[in-house]
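Listing of protein_5.cif; format and content: mmCIF, C-alpha atoms.
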data_protein
loop_
_atom_site.label_atom_id
_atom_site.label_comp_id
_atom_site.auth_asym_id
_atom_site.auth_seq_id
_atom_site.Cartn_x
_atom_site.Cartn_y
_atom_site.Cartn_z
CA LYS A 1 -27.37 -22.34 -34.71
CA ALA A 2 -23.75 -23.00 -33.59
CA LEU A 3 -22.47 -21.80 -36.97
CA GLU A 4 -24.54 -18.63 -36.66
CA GLN A 5 -23.16 -17.99 -33.14
CA THR A 6 -19.59 -18.51 -34.36
CA LYS A 7 -20.21 -16.13 -37.23
CA GLN A 8 -21.56 -13.48 -34.83
CA GLN A 9 -18.61 -13.92 -32.47
CA HIS A 10 -16.21 -13.57 -35.38
CA LEU A 11 -17.95 -10.38 -36.53
CA VAL A 12 -17.82 -8.95 -33.00
CA TYR A 13 -14.13 -9.84 -32.77
CA GLN A 14 -13.46 -8.16 -36.14
CA LEU A 15 -15.35 -5.03 -35.04
CA ILE A 16 -13.41 -4.83 -31.77
CA LYS A 17 -10.09 -5.42 -33.53
CA ARG A 18 -10.83 -2.77 -36.18
CA GLU A 19 -11.87 -0.21 -33.57
CA THR A 20 -9.01 -0.89 -31.13
CA ASP A 21 -6.42 -0.81 -33.93
CA LYS A 22 -7.45 2.81 -34.50
CA VAL A 23 -6.36 3.71 -30.97
CA ASN A 24 -3.18 5.76 -30.93
CA VAL A 25 -1.17 7.12 -28.01
CA THR A 26 0.81 10.29 -28.68
CA SER A 27 4.21 11.22 -27.31
CA LYS A 28 2.62 14.14 -25.48
CA GLU A 29 0.16 11.81 -23.71
CA ILE A 30 3.04 9.59 -22.60
CA GLU A 31 5.07 12.57 -21.35
CA ASP A 32 2.04 14.07 -19.57
CA TYR A 33 1.30 10.76 -17.85
CA TYR A 34 4.93 10.40 -16.75
CA ASN A 35 5.03 13.95 -15.37
CA ARG A 36 1.68 13.55 -13.59
CA PHE A 37 2.65 10.29 -11.89
CA LYS A 38 6.42 10.69 -11.45
CA ASP A 39 6.35 9.42 -7.89
CA ILE A 40 5.15 5.96 -8.88
CA PHE A 41 8.20 5.57 -11.14
CA LYS A 42 10.62 5.68 -8.23
CA GLU A 43 12.55 2.61 -7.20
CA PRO A 44 11.82 1.77 -3.55
CA GLU A 45 14.60 2.91 -1.26
CA GLN A 46 16.33 0.32 0.89
CA ARG A 47 18.78 0.87 3.69
CA LYS A 48 21.32 -1.48 5.25
CA ILE A 49 20.82 -1.02 8.96
CA ARG A 50 22.36 -2.25 12.20
CA GLU A 51 20.51 -2.02 15.50
CA ILE A 52 21.23 -2.22 19.19
CA VAL A 53 18.28 -2.79 21.50
CA VAL A 54 18.66 -2.58 25.28
CA ILE A 55 16.22 -2.50 28.18
CA SER A 56 17.20 0.77 29.89
CA GLU A 57 17.53 4.26 28.49
CA SER A 58 20.67 4.92 30.55
CA GLN A 59 22.42 1.86 29.11
CA ALA A 60 21.42 2.98 25.58
CA LYS A 61 22.86 6.46 26.21
CA ASP A 62 26.11 4.96 27.54
CA LEU A 63 26.40 2.79 24.43
CA LEU A 64 25.70 5.77 22.18
CA ILE A 65 28.55 7.67 23.83
CA ARG A 66 30.88 4.70 23.27
CA LEU A 67 29.81 4.53 19.62
CA LEU A 68 30.42 8.24 19.17
CA GLN A 69 33.88 7.74 20.66
CA GLY A 70 34.61 5.23 17.89
CA GLU A 71 33.83 1.79 19.30
CA ASP A 72 32.67 -0.83 16.82
CA PHE A 73 28.89 -1.00 16.42
CA ALA A 74 28.84 -4.73 15.60
CA SER A 75 30.92 -5.63 18.67
CA LEU A 76 28.70 -3.61 21.01
CA ALA A 77 25.57 -5.08 19.42
CA ARG A 78 26.85 -8.64 19.92
CA GLN A 79 27.76 -7.88 23.52
CA TYR A 80 24.77 -5.81 24.73
CA SER A 81 21.84 -5.97 22.33
CA LYS A 82 18.73 -7.96 23.26
CA ALA A 83 17.48 -8.08 19.64
CA LYS A 84 17.47 -11.22 17.51
CA SER A 85 19.98 -9.51 15.25
CA ALA A 86 22.59 -9.34 18.05
CA ASP A 87 24.39 -12.49 16.88
CA ASN A 88 24.94 -10.81 13.51
CA GLY A 89 26.32 -7.65 15.07
CA GLY A 90 22.90 -6.01 14.88
CA ASP A 91 22.85 -6.38 11.09
CA LEU A 92 19.32 -6.30 9.64
CA GLY A 93 20.58 -6.26 6.06
CA PHE A 94 18.86 -4.11 3.46
CA ILE A 95 15.32 -3.34 4.55
CA LYS A 96 12.43 -1.32 3.14
CA PRO A 97 10.10 0.96 5.08
CA GLY A 98 7.43 -1.07 6.82
CA THR A 99 9.74 -3.86 7.92
CA LYS A 100 9.86 -2.68 11.52
CA PHE A 101 7.59 -0.34 13.55
CA LYS A 102 6.54 3.23 12.67
CA GLU A 103 9.06 5.15 14.82
CA PHE A 104 11.88 2.94 13.53
CA ASP A 105 10.95 3.77 9.93
CA GLU A 106 10.64 7.48 10.67
CA ILE A 107 14.20 7.55 12.00
CA ALA A 108 15.87 4.97 9.74
CA PHE A 109 14.44 6.41 6.53
CA SER A 110 14.63 10.10 7.39
CA ASN A 111 16.73 12.40 5.25
CA ALA A 112 18.65 13.38 8.38
CA LEU A 113 20.24 9.92 8.63
CA GLY A 114 22.60 9.07 5.79
CA ALA A 115 25.04 6.23 5.19
CA GLY A 116 27.49 5.78 8.07
CA GLN A 117 25.42 7.80 10.54
CA LEU A 118 24.02 6.88 13.94
CA SER A 119 20.60 7.69 15.30
CA SER A 120 20.08 9.06 18.76
CA VAL A 121 18.44 6.81 21.37
CA PHE A 122 14.73 6.20 20.80
CA LYS A 123 12.10 4.04 22.47
CA GLY A 124 10.53 1.10 20.69
CA PRO A 125 8.34 -1.85 21.65
CA ASP A 126 11.30 -3.99 22.78
CA GLY A 127 13.30 -1.34 24.61
CA TYR A 128 15.63 1.48 23.66
CA TYR A 129 17.12 1.52 20.18
CA ILE A 130 20.22 2.89 18.50
CA ILE A 131 20.53 2.32 14.78
CA LYS A 132 23.25 2.87 12.24
CA VAL A 133 22.63 3.27 8.53
CA GLU A 134 25.42 1.39 6.75
CA ALA A 135 24.33 1.98 3.14
CA VAL A 136 21.48 3.33 1.04
CA LYS A 137 20.33 1.99 -2.30
CA GLY A 138 17.37 2.63 -4.57
CA GLY A 139 15.07 5.61 -4.34
CA GLN A 140 16.15 6.92 -7.76
CA GLN A 141 13.66 8.27 -10.22
CA LYS A 142 13.27 6.09 -13.33
CA SER A 143 13.68 8.16 -16.48
CA LEU A 144 10.98 8.74 -19.07
CA SER A 145 12.99 6.77 -21.64
CA GLU A 146 13.13 3.76 -19.27
CA MET A 147 9.37 3.89 -18.74
CA TRP A 148 8.30 4.91 -22.28
CA ASP A 149 7.23 1.46 -23.56
CA ASP A 150 5.46 0.50 -20.32
CA ILE A 151 3.52 3.77 -20.22
CA LYS A 152 2.62 3.50 -23.90
CA ARG A 153 1.37 -0.08 -23.43
CA GLY A 154 -0.69 0.91 -20.40
CA LEU A 155 -2.23 4.00 -22.03
CA THR A 156 -2.99 2.03 -25.20
CA PHE A 157 -4.76 -0.63 -23.16
CA LEU A 158 -6.81 1.99 -21.28
CA LYS A 159 -7.83 3.74 -24.49
CA GLN A 160 -8.77 0.42 -26.11
CA GLN A 161 -10.90 -0.51 -23.09
CA LYS A 162 -12.62 2.87 -23.25
CA ARG A 163 -13.27 2.42 -26.96
CA ILE A 164 -14.77 -1.05 -26.39
CA ASN A 165 -16.98 0.31 -23.60
CA ASP A 166 -18.13 3.14 -25.89
CA ILE A 167 -19.03 0.64 -28.64
CA VAL A 168 -20.91 -1.60 -26.21
CA GLY A 169 -22.77 1.43 -24.82
CA THR A 170 -23.74 2.62 -28.30
CA LEU A 171 -24.86 -0.84 -29.38
CA SER A 172 -26.87 -1.28 -26.17
CA ARG A 173 -28.64 2.06 -26.61
CA ASN A 174 -29.46 1.33 -30.27
CA ALA A 175 -30.43 -2.31 -29.81
CA LYS A 176 -34.03 -3.39 -30.18
CA ILE A 177 -34.79 -5.93 -27.50
CA GLU A 178 -37.89 -8.00 -28.00
CA ILE A 179 -39.09 -10.16 -25.14
CA MET A 180 -40.99 -13.20 -26.30
CA GLU A 181 -42.97 -14.11 -23.25
CA ASP A 182 -44.41 -17.19 -24.91
CA ASN A 183 -40.92 -18.76 -25.02
CA ILE A 184 -40.05 -18.05 -21.36
CA LYS A 185 -40.56 -21.13 -19.19
#

Represent the structure contained in this file as structure tokens.
Amino acid sequence: KALEQTKQQHLVYQLIKRETDKVNVTSKEIEDYYNRFKDIFKEPEQRKIREIVVISESQAKDLLIRLLQGEDFASLARQYSKAKSADNGGDLGFIKPGTKFKEFDEIAFSNALGAGQLSSVFKGPDGYYIIKVEAVKGGQQKSLSEMWDDIKRGLTFLKQQKRINDIVGTLSRNAKIEIMEDNIK
């Protein structure tokens, strides 16, 4: 009985292997997939950001004026900021969207704010914020040639799964199932 089961498993394996080896992914399918889902092939953008957080809006506006006049952001952050990052001159390092709160992300990751630029004063959960974008990295589109092998592997896997499901469906529809009620205990 065990030998018969092993033989059946081997035959099933051979059938699946033979059928999945027939699966082929064309260059056009790879290109179409890349073009359809281009956005998922983008590196996540990160920005190096400094922040100053103060309690009052008037103090934040005064600090913004001083920053616009050329005073050092890190020095003012160490001196006035109430944020945990104050000891580091307000430096948050490179962060991704979702690290802070919604309004922070909207301002810090907007196209209007590039490297070296200051935000205006905005309200957050801990007070009034001023941020400076120090640098931007990532956010570039990965090329089709970089993604070719990964896309081909993924599409091949999906087509093989579909082929296996089709075989199982066909076999299930064509199978004769006999219930032997005498043997059911």

*asked:* Here's the selection I'm unsure about, the PyMOL selection byres ((chain A and resi 95-106) around 7); applied to the file above, which residues does it give, as number ranges by chain?
replied: A: 45-48, 93-94, 107-110

Using all atoms listed in the file, the shortest atom-to-atom distance to A:Leu64 among A:Asp91, A:Ser143, A:Lys82, A:Lys132 belongs to A:Lys132

One residue among A:Ala86, A:Gln161, A:Asn174, A:Gly116 is nearest to A:Ala135 when using all atoms listed in the file, and that residue is A:Gly116

Check your understanding: Which residues fall under the PyMOL selection byres ((chain A and resi 7-23) around 8) in this file, as a list in words?
Key ->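 Applying the PyMOL selection byres ((chain A and resi 7-23) around 8) to the structure shown produces Leu3, Glu4, Gln5, Thr6, Asn24, Val25, Thr156, Lys159, Gln160, Arg163 and Ile164 of chain A.
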
Output of the PyMOL selection byres ((chain A and resi 51) around 7), listed as a PyMOL selection string
chain A and resi 49-50+52-53+90-91+129-132

Here atom CA of A:Phe157 and atom CA of A:Pro44 stand apart by 25.8 Å

Students should find that atom CA of A:Gly138 and atom CA of A:Gln117 are spaced 17.9 Å

Since the input has fewer atoms than a full residue there, write stretch 18-29 of chain A out with all heavy atoms, as a compact mmCIF listing (two decimals), in the frame of the given file.
# COMPACT_ATOMS: atom_id res chain seq x y z
N ARG A 18 -10.90 -3.95 -35.31
CA ARG A 18 -10.83 -2.77 -36.18
C ARG A 18 -10.86 -1.48 -35.37
O ARG A 18 -10.08 -0.56 -35.61
CB ARG A 18 -12.00 -2.80 -37.18
CG ARG A 18 -11.89 -1.69 -38.23
CD ARG A 18 -13.03 -1.70 -39.21
NE ARG A 18 -14.22 -1.23 -38.52
CZ ARG A 18 -15.44 -1.73 -38.70
NH1 ARG A 18 -15.64 -2.71 -39.53
NH2 ARG A 18 -16.46 -1.23 -38.03
N GLU A 19 -11.74 -1.43 -34.37
CA GLU A 19 -11.87 -0.21 -33.57
C GLU A 19 -10.66 0.01 -32.64
O GLU A 19 -10.21 1.13 -32.47
CB GLU A 19 -13.16 -0.23 -32.77
CG GLU A 19 -14.40 -0.12 -33.62
CD GLU A 19 -14.49 1.18 -34.41
OE1 GLU A 19 -14.17 2.24 -33.84
OE2 GLU A 19 -14.85 1.12 -35.60
N THR A 20 -10.15 -1.05 -32.05
CA THR A 20 -9.01 -0.89 -31.13
C THR A 20 -7.71 -0.63 -31.88
O THR A 20 -6.80 0.00 -31.35
CB THR A 20 -8.85 -2.11 -30.19
OG1 THR A 20 -8.72 -3.30 -30.96
CG2 THR A 20 -10.00 -2.21 -29.22
N ASP A 21 -7.62 -1.10 -33.13
CA ASP A 21 -6.42 -0.81 -33.93
C ASP A 21 -6.32 0.67 -34.27
O ASP A 21 -5.24 1.18 -34.55
CB ASP A 21 -6.42 -1.63 -35.22
CG ASP A 21 -6.04 -3.09 -34.98
OD1 ASP A 21 -5.57 -3.41 -33.86
OD2 ASP A 21 -6.22 -3.92 -35.91
N LYS A 22 -7.44 1.36 -34.22
CA LYS A 22 -7.45 2.81 -34.50
C LYS A 22 -6.89 3.62 -33.33
O LYS A 22 -6.56 4.79 -33.49
CB LYS A 22 -8.88 3.28 -34.78
CG LYS A 22 -9.49 2.75 -36.05
CD LYS A 22 -10.92 3.26 -36.17
CE LYS A 22 -11.65 2.65 -37.36
NZ LYS A 22 -13.05 3.11 -37.42
N VAL A 23 -6.82 3.00 -32.17
CA VAL A 23 -6.36 3.71 -30.97
C VAL A 23 -4.88 4.05 -31.11
O VAL A 23 -4.07 3.21 -31.46
CB VAL A 23 -6.60 2.86 -29.70
CG1 VAL A 23 -5.90 3.45 -28.50
CG2 VAL A 23 -8.09 2.72 -29.44
N ASN A 24 -4.56 5.29 -30.82
CA ASN A 24 -3.18 5.76 -30.93
C ASN A 24 -2.83 6.57 -29.69
O ASN A 24 -3.64 7.36 -29.21
CB ASN A 24 -3.03 6.61 -32.20
CG ASN A 24 -1.58 6.95 -32.49
OD1 ASN A 24 -0.67 6.27 -32.02
ND2 ASN A 24 -1.37 8.01 -33.24
N VAL A 25 -1.64 6.36 -29.16
CA VAL A 25 -1.17 7.12 -28.01
C VAL A 25 -0.05 8.04 -28.49
O VAL A 25 0.92 7.57 -29.09
CB VAL A 25 -0.65 6.18 -26.89
CG1 VAL A 25 -0.08 6.97 -25.74
CG2 VAL A 25 -1.77 5.27 -26.40
N THR A 26 -0.19 9.32 -28.21
CA THR A 26 0.81 10.29 -28.68
C THR A 26 1.96 10.43 -27.69
O THR A 26 1.83 10.07 -26.50
CB THR A 26 0.16 11.68 -28.87
OG1 THR A 26 -0.24 12.18 -27.59
CG2 THR A 26 -1.04 11.62 -29.82
N SER A 27 3.05 10.96 -28.17
CA SER A 27 4.21 11.22 -27.31
C SER A 27 3.85 12.18 -26.18
O SER A 27 4.30 12.02 -25.05
CB SER A 27 5.35 11.83 -28.12
OG SER A 27 5.79 10.93 -29.10
N LYS A 28 3.03 13.16 -26.50
CA LYS A 28 2.62 14.14 -25.48
C LYS A 28 1.82 13.47 -24.37
O LYS A 28 2.02 13.77 -23.20
CB LYS A 28 1.80 15.25 -26.13
CG LYS A 28 1.36 16.30 -25.10
CD LYS A 28 0.89 17.55 -25.74
CE LYS A 28 0.42 18.62 -24.79
NZ LYS A 28 0.78 18.54 -23.42
N GLU A 29 0.94 12.53 -24.73
CA GLU A 29 0.16 11.81 -23.71
C GLU A 29 1.09 11.00 -22.80
O GLU A 29 0.88 10.95 -21.59
CB GLU A 29 -0.86 10.88 -24.38
CG GLU A 29 -2.02 11.59 -25.04
CD GLU A 29 -2.92 10.66 -25.82
OE1 GLU A 29 -2.39 9.83 -26.59
OE2 GLU A 29 -4.15 10.77 -25.65
